[in-house]
Each structure stands twice: as structure tokens, then as C-alpha cells.
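Reproduced below: upload-v2.pdb, with PDB, C-alpha atoms.
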ATOM      1  CA  MET A   1      47.327  -1.206 -44.215
ATOM      2  CA  LEU A   2      44.303  -2.852 -45.794
ATOM      3  CA  THR A   3      43.259  -2.877 -49.414
ATOM      4  CA  ILE A   4      39.629  -2.031 -50.202
ATOM      5  CA  PHE A   5      38.968  -5.703 -51.034
ATOM      6  CA  GLU A   6      40.467  -6.866 -47.729
ATOM      7  CA  ALA A   7      38.452  -4.248 -45.839
ATOM      8  CA  ILE A   8      35.172  -5.394 -47.399
ATOM      9  CA  ILE A   9      35.844  -9.072 -46.686
ATOM     10  CA  LEU A  10      36.832  -8.381 -43.079
ATOM     11  CA  GLY A  11      33.806  -6.130 -42.545
ATOM     12  CA  ILE A  12      31.469  -8.860 -43.801
ATOM     13  CA  ILE A  13      33.099 -11.500 -41.567
ATOM     14  CA  GLN A  14      32.875  -9.201 -38.544
ATOM     15  CA  GLY A  15      29.243  -8.301 -39.226
ATOM     16  CA  ILE A  16      28.226 -11.946 -39.440
ATOM     17  CA  ALA A  17      30.419 -13.432 -36.688
ATOM     18  CA  GLU A  18      30.005 -10.778 -33.972
ATOM     19  CA  TRP A  19      26.653 -12.061 -32.737
ATOM     20  CA  LEU A  20      27.758 -15.675 -32.444
ATOM     21  CA  PRO A  21      29.868 -17.038 -29.561
ATOM     22  CA  ILE A  22      32.721 -17.998 -31.897
ATOM     23  CA  SER A  23      35.068 -14.964 -31.573
ATOM     24  CA  SER A  24      34.635 -12.560 -34.464
ATOM     25  CA  GLN A  25      38.010 -11.100 -33.486
ATOM     26  CA  GLY A  26      39.513 -14.570 -33.768
ATOM     27  CA  MET A  27      37.907 -15.064 -37.183
ATOM     28  CA  THR A  28      39.101 -11.748 -38.630
ATOM     29  CA  THR A  29      42.563 -12.191 -37.121
ATOM     30  CA  LEU A  30      42.873 -15.701 -38.571
ATOM     31  CA  VAL A  31      41.935 -14.362 -42.020
ATOM     32  CA  MET A  32      44.447 -11.517 -41.766
ATOM     33  CA  LEU A  33      47.229 -13.835 -40.591
ATOM     34  CA  ASN A  34      46.660 -16.670 -43.030
ATOM     35  CA  VAL A  35      45.032 -15.095 -46.093
ATOM     36  CA  PHE A  36      46.081 -11.438 -46.120
ATOM     37  CA  ASP A  37      49.583 -12.094 -44.723
ATOM     38  CA  LYS A  38      49.393  -9.578 -41.864
ATOM     39  CA  SER A  39      51.411  -9.795 -38.650
ATOM     40  CA  LEU A  40      49.624 -10.212 -35.318
ATOM     41  CA  ALA A  41      50.727  -6.706 -34.317
ATOM     42  CA  ASP A  42      49.063  -5.290 -37.453
ATOM     43  CA  ALA A  43      45.996  -7.546 -37.341
ATOM     44  CA  LEU A  44      44.904  -7.013 -33.737
ATOM     45  CA  PRO A  45      44.196  -3.244 -33.897
ATOM     46  CA  ILE A  46      42.253  -3.802 -37.134
ATOM     47  CA  ALA A  47      40.259  -6.647 -35.558
ATOM     48  CA  ILE A  48      39.365  -4.432 -32.591
ATOM     49  CA  TRP A  49      38.480  -1.512 -34.891
ATOM     50  CA  LEU A  50      36.059  -3.752 -36.805
ATOM     51  CA  HIS A  51      34.018  -4.075 -33.609
ATOM     52  CA  THR A  52      33.130  -0.396 -33.992
ATOM     53  CA  GLY A  53      30.957  -1.262 -36.988
ATOM     54  CA  THR A  54      29.035  -3.932 -35.111
ATOM     55  CA  LEU A  55      28.931  -1.632 -32.084
ATOM     56  CA  LEU A  56      26.896   0.799 -34.207
ATOM     57  CA  SER A  57      24.644  -2.108 -35.220
ATOM     58  CA  ALA A  58      24.122  -2.963 -31.543
ATOM     59  CA  VAL A  59      23.302   0.682 -30.766
ATOM     60  CA  VAL A  60      20.599   0.655 -33.439
ATOM     61  CA  TYR A  61      19.211  -2.726 -32.340
ATOM     62  CA  PHE A  62      19.216  -1.914 -28.610
ATOM     63  CA  ARG A  63      18.215   1.737 -29.059
ATOM     64  CA  GLU A  64      15.236   1.416 -26.701
ATOM     65  CA  ASP A  65      17.419  -0.084 -23.951
ATOM     66  CA  ILE A  66      20.044   2.619 -24.490
ATOM     67  CA  ARG A  67      17.411   5.375 -24.428
ATOM     68  CA  GLU A  68      16.093   3.972 -21.156
ATOM     69  CA  ILE A  69      19.592   3.789 -19.644
ATOM     70  CA  ILE A  70      20.309   7.411 -20.624
ATOM     71  CA  SER A  71      16.997   8.562 -19.123
ATOM     72  CA  GLN A  72      17.934   6.854 -15.836
ATOM     73  CA  ILE A  73      21.307   8.611 -15.468
ATOM     74  CA  PRO A  74      20.033  11.872 -13.803
ATOM     75  CA  PRO A  75      17.978  10.086 -11.102
ATOM     76  CA  TYR A  76      20.828   7.585 -10.669
ATOM     77  CA  LEU A  77      23.276  10.394  -9.948
ATOM     78  CA  LYS A  78      20.864  12.078  -7.548
ATOM     79  CA  SER A  79      19.906   8.906  -5.675
ATOM     80  CA  ARG A  80      21.463   8.207  -2.262
ATOM     81  CA  ASP A  81      19.982   4.722  -2.056
ATOM     82  CA  ILE A  82      23.082   2.495  -2.135
ATOM     83  CA  LYS A  83      21.040  -0.703  -2.279
ATOM     84  CA  GLU A  84      19.096   0.531  -5.308
ATOM     85  CA  LYS A  85      22.306   1.604  -7.046
ATOM     86  CA  LYS A  86      23.926  -1.788  -6.478
ATOM     87  CA  GLY A  87      21.182  -3.468  -8.502
ATOM     88  CA  SER A  88      21.165  -0.830 -11.255
ATOM     89  CA  LEU A  89      22.072  -1.638 -14.846
ATOM     90  CA  ILE A  90      24.103   1.591 -14.888
ATOM     91  CA  THR A  91      26.270   0.310 -12.023
ATOM     92  CA  PHE A  92      26.696  -3.008 -13.848
ATOM     93  CA  LEU A  93      27.876  -1.235 -17.020
ATOM     94  CA  LEU A  94      30.202   1.146 -15.150
ATOM     95  CA  ILE A  95      31.935  -1.645 -13.262
ATOM     96  CA  THR A  96      32.231  -4.017 -16.227
ATOM     97  CA  THR A  97      33.690  -1.236 -18.407
ATOM     98  CA  ILE A  98      36.304  -0.201 -15.822
ATOM     99  CA  ILE A  99      37.332  -3.797 -15.080
ATOM    100  CA  THR A 100      37.443  -4.613 -18.797
ATOM    101  CA  GLY A 101      39.881  -1.748 -19.357
ATOM    102  CA  ILE A 102      42.098  -2.788 -16.445
ATOM    103  CA  VAL A 103      42.326  -6.384 -17.726
ATOM    104  CA  GLY A 104      42.115  -5.815 -21.479
ATOM    105  CA  LEU A 105      44.526  -2.903 -22.013
ATOM    106  CA  PRO A 106      47.684  -4.769 -20.901
ATOM    107  CA  LEU A 107      46.668  -7.736 -23.089
ATOM    108  CA  ILE A 108      46.215  -5.471 -26.127
ATOM    109  CA  LEU A 109      49.600  -3.829 -25.505
ATOM    110  CA  LEU A 110      51.229  -7.245 -25.073
ATOM    111  CA  ALA A 111      49.753  -8.654 -28.281
ATOM    112  CA  THR A 112      50.421  -5.565 -30.421
ATOM    113  CA  GLY A 113      54.022  -5.529 -29.168
ATOM    114  CA  MET A 114      54.681  -8.979 -30.593
ATOM    115  CA  GLY A 115      55.808  -7.820 -34.002
ATOM    116  CA  ASP A 116      57.884 -10.952 -34.617
ATOM    117  CA  PHE A 117      55.154 -13.332 -33.486
ATOM    118  CA  SER A 118      54.741 -15.893 -36.293
ATOM    119  CA  GLY A 119      51.379 -16.199 -38.003
ATOM    120  CA  LYS A 120      51.366 -19.984 -37.586
ATOM    121  CA  PHE A 121      52.037 -19.818 -33.858
ATOM    122  CA  ALA A 122      49.452 -17.053 -33.417
ATOM    123  CA  THR A 123      46.917 -19.196 -35.299
ATOM    124  CA  ALA A 124      47.625 -22.147 -32.979
ATOM    125  CA  LEU A 125      47.253 -19.898 -29.915
ATOM    126  CA  ILE A 126      43.929 -18.587 -31.214
ATOM    127  CA  GLY A 127      42.911 -22.242 -31.663
ATOM    128  CA  VAL A 128      43.650 -22.974 -27.999
ATOM    129  CA  LEU A 129      41.559 -19.958 -26.930
ATOM    130  CA  LEU A 130      38.686 -21.043 -29.183
ATOM    131  CA  ILE A 131      38.674 -24.468 -27.517
ATOM    132  CA  ILE A 132      38.607 -22.808 -24.081
ATOM    133  CA  THR A 133      35.626 -20.704 -25.191
ATOM    134  CA  GLY A 134      33.794 -23.823 -26.399
ATOM    135  CA  LEU A 135      34.431 -25.661 -23.142
ATOM    136  CA  LEU A 136      33.170 -22.666 -21.151
ATOM    137  CA  GLN A 137      29.949 -22.691 -23.187
ATOM    138  CA  ILE A 138      29.430 -26.407 -22.506
ATOM    139  CA  SER A 139      29.943 -25.858 -18.781
ATOM    140  CA  ALA A 140      27.597 -22.860 -18.684
ATOM    141  CA  SER A 141      24.821 -24.679 -20.550
ATOM    142  CA  LYS A 142      24.528 -27.183 -17.689
ATOM    143  CA  ARG A 143      23.469 -24.525 -15.176
ATOM    144  CA  THR A 144      19.788 -24.536 -14.291
ATOM    145  CA  LYS A 145      19.402 -21.801 -11.645
ATOM    146  CA  LYS A 146      18.088 -18.495 -12.938
ATOM    147  CA  ARG A 147      17.861 -14.886 -11.767
ATOM    148  CA  GLU A 148      17.318 -11.611 -13.576
ATOM    149  CA  LYS A 149      19.368  -8.950 -11.766
ATOM    150  CA  PRO A 150      23.172  -9.041 -11.650
ATOM    151  CA  MET A 151      24.996  -8.297  -8.399
ATOM    152  CA  ILE A 152      28.211  -6.311  -7.900
ATOM    153  CA  SER A 153      30.204  -9.553  -7.882
ATOM    154  CA  ASP A 154      28.631 -10.476 -11.249
ATOM    155  CA  SER A 155      29.751  -7.107 -12.647
ATOM    156  CA  VAL A 156      33.346  -7.615 -11.549
ATOM    157  CA  ILE A 157      33.569 -11.184 -12.864
ATOM    158  CA  ALA A 158      31.857 -10.291 -16.173
ATOM    159  CA  GLY A 159      34.242  -7.342 -16.579
ATOM    160  CA  ILE A 160      37.264  -9.592 -16.059
ATOM    161  CA  ALA A 161      35.876 -12.075 -18.589
ATOM    162  CA  GLN A 162      35.276  -9.331 -21.150
ATOM    163  CA  GLY A 163      38.812  -8.031 -20.594
ATOM    164  CA  PHE A 164      40.251 -11.395 -21.634
ATOM    165  CA  ALA A 165      38.264 -11.115 -24.882
ATOM    166  CA  ALA A 166      40.965  -8.652 -25.977
ATOM    167  CA  LEU A 167      42.825 -11.823 -26.977
ATOM    168  CA  PRO A 168      41.792 -12.994 -30.459
ATOM    169  CA  GLY A 169      40.180 -16.407 -30.161
ATOM    170  CA  ILE A 170      38.328 -15.580 -26.950
ATOM    171  CA  SER A 171      34.789 -14.797 -28.033
ATOM    172  CA  ARG A 172      33.602 -11.659 -26.235
ATOM    173  CA  SER A 173      29.957 -12.646 -26.422
ATOM    174  CA  GLY A 174      30.780 -16.314 -25.774
ATOM    175  CA  ILE A 175      32.868 -15.724 -22.655
ATOM    176  CA  THR A 176      30.627 -13.010 -21.173
ATOM    177  CA  VAL A 177      27.378 -14.917 -21.759
ATOM    178  CA  SER A 178      28.972 -18.116 -20.432
ATOM    179  CA  THR A 179      30.251 -16.261 -17.372
ATOM    180  CA  LEU A 180      26.843 -14.736 -16.642
ATOM    181  CA  LEU A 181      25.174 -18.130 -17.096
ATOM    182  CA  LEU A 182      27.692 -19.642 -14.699
ATOM    183  CA  ARG A 183      26.668 -16.871 -12.298
ATOM    184  CA  ASP A 184      23.065 -18.123 -12.646
ATOM    185  CA  ILE A 185      21.773 -15.205 -14.730
ATOM    186  CA  GLU A 186      18.765 -16.132 -16.897
ATOM    187  CA  ALA A 187      19.830 -16.910 -20.494
ATOM    188  CA  SER A 188      18.003 -14.145 -22.397
ATOM    189  CA  GLN A 189      19.078 -11.578 -19.776
ATOM    190  CA  ALA A 190      22.685 -12.802 -20.002
ATOM    191  CA  LEU A 191      22.635 -12.279 -23.770
ATOM    192  CA  ARG A 192      21.133  -8.781 -23.397
ATOM    193  CA  LEU A 193      23.650  -7.786 -20.716
ATOM    194  CA  SER A 194      26.525  -9.125 -22.811
ATOM    195  CA  PHE A 195      25.688  -6.962 -25.809
ATOM    196  CA  LEU A 196      24.926  -3.860 -23.727
ATOM    197  CA  MET A 197      28.242  -4.114 -21.877
ATOM    198  CA  SER A 198      30.074  -4.355 -25.204
ATOM    199  CA  ILE A 199      29.031  -0.825 -26.222
ATOM    200  CA  PRO A 200      31.018   1.230 -23.663
ATOM    201  CA  ALA A 201      33.867  -1.312 -23.760
ATOM    202  CA  VAL A 202      34.356  -0.999 -27.528
ATOM    203  CA  LEU A 203      34.124   2.809 -27.333
ATOM    204  CA  ALA A 204      36.778   2.823 -24.600
ATOM    205  CA  ALA A 205      39.001   0.465 -26.647
ATOM    206  CA  ASP A 206      38.742   2.735 -29.712
ATOM    207  CA  LEU A 207      39.616   5.817 -27.664
ATOM    208  CA  GLY A 208      42.540   4.009 -26.053
ATOM    209  CA  MET A 209      43.948   2.692 -29.345
ATOM    210  CA  GLY A 210      43.467   6.117 -30.955
ATOM    211  CA  ALA A 211      45.399   7.770 -28.119
ATOM    212  CA  MET A 212      48.214   5.233 -28.572
ATOM    213  CA  GLY A 213      48.326   5.812 -32.323
ATOM    214  CA  LEU A 214      47.317   2.232 -33.155
ATOM    215  CA  LEU A 215      44.346   3.204 -35.341
ATOM    216  CA  LYS A 216      44.765   4.380 -38.921
ATOM    217  CA  PHE A 217      41.824   6.282 -40.385
ATOM    218  CA  ASP A 218      41.758   5.896 -44.157
ATOM    219  CA  LEU A 219      39.279   4.872 -46.835
ATOM    220  CA  ALA A 220      39.903   1.139 -46.287
ATOM    221  CA  SER A 221      39.340   1.296 -42.511
ATOM    222  CA  LEU A 222      36.121   3.267 -43.045
ATOM    223  CA  MET A 223      34.957   0.739 -45.655
ATOM    224  CA  ALA A 224      35.632  -2.097 -43.198
ATOM    225  CA  LEU A 225      33.574  -0.286 -40.553
ATOM    226  CA  PHE A 226      30.746   0.374 -43.034
ATOM    227  CA  PHE A 227      30.445  -3.259 -44.132
ATOM    228  CA  ALA A 228      30.675  -4.502 -40.540
ATOM    229  CA  PHE A 229      27.797  -2.149 -39.675
ATOM    230  CA  ILE A 230      25.625  -3.125 -42.670
ATOM    231  CA  PHE A 231      26.079  -6.873 -42.221
ATOM    232  CA  GLY A 232      25.696  -6.455 -38.479
ATOM    233  CA  ILE A 233      22.313  -4.773 -38.977
ATOM    234  CA  LEU A 234      21.232  -7.457 -41.447
ATOM    235  CA  THR A 235      22.157 -10.389 -39.202
ATOM    236  CA  ILE A 236      21.867  -9.324 -35.549
ATOM    237  CA  ASP A 237      18.257 -10.353 -34.950
ATOM    238  CA  LEU A 238      18.616 -13.668 -36.812
ATOM    239  CA  PHE A 239      21.823 -14.656 -35.056
ATOM    240  CA  ILE A 240      20.766 -13.585 -31.563
ATOM    241  CA  LYS A 241      17.817 -15.938 -31.980
ATOM    242  CA  ALA A 242      20.162 -18.625 -33.350
ATOM    243  CA  ALA A 243      22.551 -18.194 -30.415
ATOM    244  CA  LYS A 244      19.664 -18.930 -28.050
ATOM    245  CA  ARG A 245      18.680 -22.111 -29.900
ATOM    246  CA  PHE A 246      21.871 -23.725 -31.196
ATOM    247  CA  ASP A 247      24.981 -25.097 -29.511
ATOM    248  CA  PHE A 248      28.014 -23.323 -30.972
ATOM    249  CA  SER A 249      30.449 -24.843 -28.497
ATOM    250  CA  LYS A 250      31.267 -27.750 -30.832
ATOM    251  CA  PHE A 251      31.941 -25.345 -33.702
ATOM    252  CA  CYS A 252      34.358 -23.377 -31.471
ATOM    253  CA  ILE A 253      36.172 -26.519 -30.413
ATOM    254  CA  ALA A 254      36.351 -27.932 -33.973
ATOM    255  CA  LEU A 255      37.682 -24.640 -35.369
ATOM    256  CA  GLY A 256      40.172 -24.469 -32.508
ATOM    257  CA  ILE A 257      41.461 -27.969 -33.267
ATOM    258  CA  LEU A 258      41.820 -27.107 -36.965
ATOM    259  CA  SER A 259      43.735 -23.942 -36.078
ATOM    260  CA  ILE A 260      46.144 -25.927 -33.894
ATOM    261  CA  LEU A 261      46.607 -28.592 -36.590
ATOM    262  CA  ALA A 262      47.447 -25.828 -39.071
ATOM    263  CA  TYR A 263      50.555 -25.110 -37.000
ATOM    264  CA  PHE A 264      51.963 -28.543 -37.905
ATOM    265  CA  ILE A 265      51.186 -28.318 -41.637
TER
END
The structure in this file should be written as C-alpha cells.
Amino acid sequence: MLTIFEAIILGIIQGIAEWLPISSQGMTTLVMLNVFDKSLADALPIAIWLHTGTLLSAVVYFREDIREIISQIPPYLKSRDIKEKKGSLITFLLITTIITGIVGLPLILLATGMGDFSGKFATALIGVLLIITGLLQISASKRTKKREKPMISDSVIAGIAQGFAALPGISRSGITVSTLLLRDIEASQALRLSFLMSIPAVLAADLGMGAMGLLKFDLASLMALFFAFIFGILTIDLFIKAAKRFDFSKFCIALGILSILAYFI
């Protein structure tokens, strides 16, 4: 259970960190483990729930894209052109969401089942995953080939990458954008695809955790969602532009090293 103060702080952190490739889930989980004295089993469902607030921010920000996708669903369903469907954004989102669930659900169940997992060890593990995210970003930034449309293989690989973001410390935006860049997708398109594919994935995660009884709906959880949404709205445009201009890989790696060192203190 969260206090109102804890909920507000976590919502603010989520709203600010979600748009940067530094793992907002890792940030909120680290705070819950080391400041609010939560177990990993308690912290992970809360960290995933916080994404719902920034999901709503993304829906508002990408409302034109979402409206266009919805308008394309009837002709998509009617179309018999397999080649056209393969290159469709709807196909990309369907495949990434399904693959994300297949990969991510077992990882969520594994992590939430670790009730006796020590906070210090969990912090060190998150540090390792942050370093991996940073190294992926460095590798992806060296790619120079560019294309706009993702292929079926891109959808599968991006879905697998997003599934691993169920682990706190693996930045969802960082690993998906890096993966798409490594697949030679143009940078601005990779960022757009990454945020669009997060919307159905987060909805599916919420439904899954709700069905498993992992979500607790109370005033504190609603306050956390509200502040994540508000700060997400306030920062999304600024930080999407910042993510295009600045190299956050070093920040990921530095924070990861600090998290590992904390294990020995």
C-alpha cells in the first residue's frame, strides 16, 4: 500500500522519466525499494500501474495518430491484400502487443513471486539492466541506414524487446527505440512507433494484472495515476525533443553503476 505522499512522488517521477530512455519503471522501483521500503513483489505492480498515467498522456499527445489508426481498422479488416496488410501500422501494433504479452507476462509473474528478494540485490540487478540499456543505445546510435516502414520481422523483434521491459531497469522506450534503430528504422519514426506500441501493451498489462488481483484500486493509486498523467502531459513534448538531441546512454550506465555499488554499501 502507498501513502498519499508516496503516490504523489512516484507519479511525478513516472511522468517525468517515462519519455526518456532511462527506465521510468526502474526509477520508481528503485525509489520504492530504497526510500519507501517496499519489497520487489509489492513495487513491481505499482511501477507498472504508474505507466497507465503516462499512457493517458501519450493518448492525448498522439490523438491524431490514434484517430487515424482507428479510422483505418474497418478497411484493414475488409482488405484481402496481404502485402498491404504486412506494411500496415495496425499489423505492427497487433504483433508487437501479442509478442510483448508472451514475453512480458512470465517475467512479471516471476518478479512478483519473489517476495523474499532483497531490496539491495534487486537494486543491483536493476543497475545491471540499466547498463545493458545504455550499451544498447550506444550501439543503435552508430547505425546510419534509414527506412520508414517496419516489416513483420521488425514487429516480432520489437515486441520481444518490449516484453523484456517488464523487468525494472530495462527502459521500455530505450530498448524499443534502440531495437528499431538497430533494424534501420529512421530515428523519428522509431520514437513514434515506440510510443504508439506502448499504448496497447500497457492496457493489456493492466488488464492482466487486474485479472490476477495484483492491482489495488484506492485513493493513493488513483493519486499516483493522476500525477503521472499531469506531469506526463507537461513534459512529453519537451522530453521527446530532448531524447532526439541528447545522449542518455551515459546517464543510464552511470546510474546502473551507482545502483550496483549500492549493493556493497
Checklist line | Point-to-point distance in Å for CA of Leu40 (chain A) and CA of Leu130 (chain A) | finding: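 One can read the CA of Leu130 (chain A) to CA of Leu40 (chain A) distance as 16.6 Å.
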Item checked: Residue with smallest distance to Ile102 (chain A) - pool A:Thr29, A:Gln162, A:Ser198, A:Thr235, counting only C-alpha atoms ->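 Looking only at the distances to Ile102 (chain A), the closest residue turns out to be A:Gln162.
In this model, the gap between CA of Ile175 (chain A) and CA of Ile70 (chain A) comes to 26.4 Å.
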Next item on the list: Check the smallest atom-to-atom distance from each of A:Phe217, A:Phe195, A:Trp19, A:Phe92 to Asp237 (chain A) using only C-alpha atoms, then report the winner.
Entry: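 Using only C-alpha atoms, Asp237 (chain A) sits closest to A:Trp19.
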Next item on the list: Taking the file above as input, evaluate the PyMOL selection byres ((chain A and resi 101) around 8) and report the hits as a list in words.
Entry: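 Given this file, the PyMOL selection byres ((chain A and resi 101) around 8) evaluates to Thr97, Ile98, Ile99, Thr100, Ile102, Val103, Gly104, Leu105, Gly163, Ala201, Ala204 and Ala205 of chain A.
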Might I get the box with edges along x, y and z of the file that holds all atoms of region 124-128 of chain A listed there, padded by 4 Å on every side, given as centre and edge lengths in Å to one decimal, as JSON?
{"center_x": 45.3, "center_y": -20.8, "center_z": -30.5, "size_x": 12.7, "size_y": 12.4, "size_z": 13.0}
Item checked: Residue members of the PyMOL selection byres ((chain A and resi 183) around 10) in the file shown, as a ChimeraX atom specification -> /A:140,143,145-147,150-151,153-154,157-158,177-182,184-186,190
Output C-alpha atoms for every residue in that selection, as a short mmCIF file (atom, residue, chain, number, x, y, z; two decimals), in the coordinates of the input.
data_model
loop_
_atom_site.label_atom_id
_atom_site.label_comp_id
_atom_site.auth_asym_id
_atom_site.auth_seq_id
_atom_site.Cartn_x
_atom_site.Cartn_y
_atom_site.Cartn_z
CA ALA A 140 27.60 -22.86 -18.68
CA ARG A 143 23.47 -24.52 -15.18
CA LYS A 145 19.40 -21.80 -11.64
CA LYS A 146 18.09 -18.50 -12.94
CA ARG A 147 17.86 -14.89 -11.77
CA PRO A 150 23.17 -9.04 -11.65
CA MET A 151 25.00 -8.30 -8.40
CA SER A 153 30.20 -9.55 -7.88
CA ASP A 154 28.63 -10.48 -11.25
CA ILE A 157 33.57 -11.18 -12.86
CA ALA A 158 31.86 -10.29 -16.17
CA VAL A 177 27.38 -14.92 -21.76
CA SER A 178 28.97 -18.12 -20.43
CA THR A 179 30.25 -16.26 -17.37
CA LEU A 180 26.84 -14.74 -16.64
CA LEU A 181 25.17 -18.13 -17.10
CA LEU A 182 27.69 -19.64 -14.70
CA ASP A 184 23.06 -18.12 -12.65
CA ILE A 185 21.77 -15.20 -14.73
CA GLU A 186 18.76 -16.13 -16.90
CA ALA A 190 22.68 -12.80 -20.00
#
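This file gives the following result for the PyMOL selection byres ((chain A and resi 199) around 10): His51, Thr52, Thr54, Leu55, Leu56, Ala58, Val59, Ile66, Leu93, Thr97, Ser194, Phe195, Leu196, Met197, Ser198, Pro200, Ala201, Val202, Leu203 and Ala204 of chain A.
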Next item on the list: Pick out the closest residue to Leu109 (chain A) from this set: A:Ala41, A:Ile46, A:Ile160, A:Val128. Count only C-alpha atoms.
Entry: A:Ala41
Check: Which of these residues is nearest to Pro45 (chain A), using all atoms listed in the file: A:Gly232, A:Gly11, A:Gly174, A:Gly208?
Finding: A:Gly208
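Here CA of Ser139 (chain A) and CA of Lys250 (chain A) stand 12.3 Å from one another.
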Checklist line | Ser221 (chain A) environment, 9 Å, all atoms listed in the file, sequence neighbours closer than 6 positions dropped, as a PyMOL selection string | finding: chain A and resi 1-4+7+46+49-50+215
Save the residues we just selected, C-alpha atoms, as a PDB file, in the coordinates of the input?
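Ended up saving to again22.pdb:
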ATOM      1  CA  MET A   1      47.327  -1.206 -44.215  1.00  0.00           C
ATOM      2  CA  LEU A   2      44.303  -2.852 -45.794  1.00  0.00           C
ATOM      3  CA  THR A   3      43.259  -2.877 -49.414  1.00  0.00           C
ATOM      4  CA  ILE A   4      39.629  -2.031 -50.202  1.00  0.00           C
ATOM      5  CA  ALA A   7      38.452  -4.248 -45.839  1.00  0.00           C
ATOM      6  CA  ILE A  46      42.253  -3.802 -37.134  1.00  0.00           C
ATOM      7  CA  TRP A  49      38.480  -1.512 -34.891  1.00  0.00           C
ATOM      8  CA  LEU A  50      36.059  -3.752 -36.805  1.00  0.00           C
ATOM      9  CA  LEU A 215      44.346   3.204 -35.341  1.00  0.00           C
TER      10      LEU A 215
END
Next item on the list: Quick one: everything within 9 Å of Leu234 (chain A), counting all atoms listed in the file, minus sequence neighbours fewer than 3 positions away in the same chain. Send it as number ranges by chain.
Entry: A: 15-16, 57, 229-231, 237-238
Next item on the list: Between A:Ile131, A:Ala228, A:Ala254, A:Ile236, single out the one closest to Leu10 (chain A), counting all atoms listed in the file.
Entry: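 Of all the options, A:Ala228 lies closest to Leu10 (chain A).
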Check: Looking at A:Ser39, A:Glu148, A:Ala47, A:Glu68, which one is nearest to Ala165 (chain A), with distances taken over all atoms listed in the file?
Finding: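 Looking at the shortest contact to Ala165 (chain A), the residue is A:Ala47.
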Next item on the list: Excluding Ala17 (chain A) and any residue of its chain fewer than 6 positions from it, enumerate the residues within 8 Å of it, using all atoms listed in the file, and give them as a list of chain:residue names.
Entry: A:Ser23, A:Ser24, A:Met27
Mind checking which residues fall within 10 Å of Gln72 (chain A), counting all atoms listed in the file, ignoring those fewer than 6 positions away in the same chain, and posting them as a PDB file with C-alpha atoms, in the frame of the given file?
ATOM      1  CA  ILE A  66      20.044   2.619 -24.490  1.00  0.00           C
ATOM      2  CA  SER A  88      21.165  -0.830 -11.255  1.00  0.00           C
ATOM      3  CA  LEU A  89      22.072  -1.638 -14.846  1.00  0.00           C
ATOM      4  CA  ILE A  90      24.103   1.591 -14.888  1.00  0.00           C
TER       5      ILE A  90
END
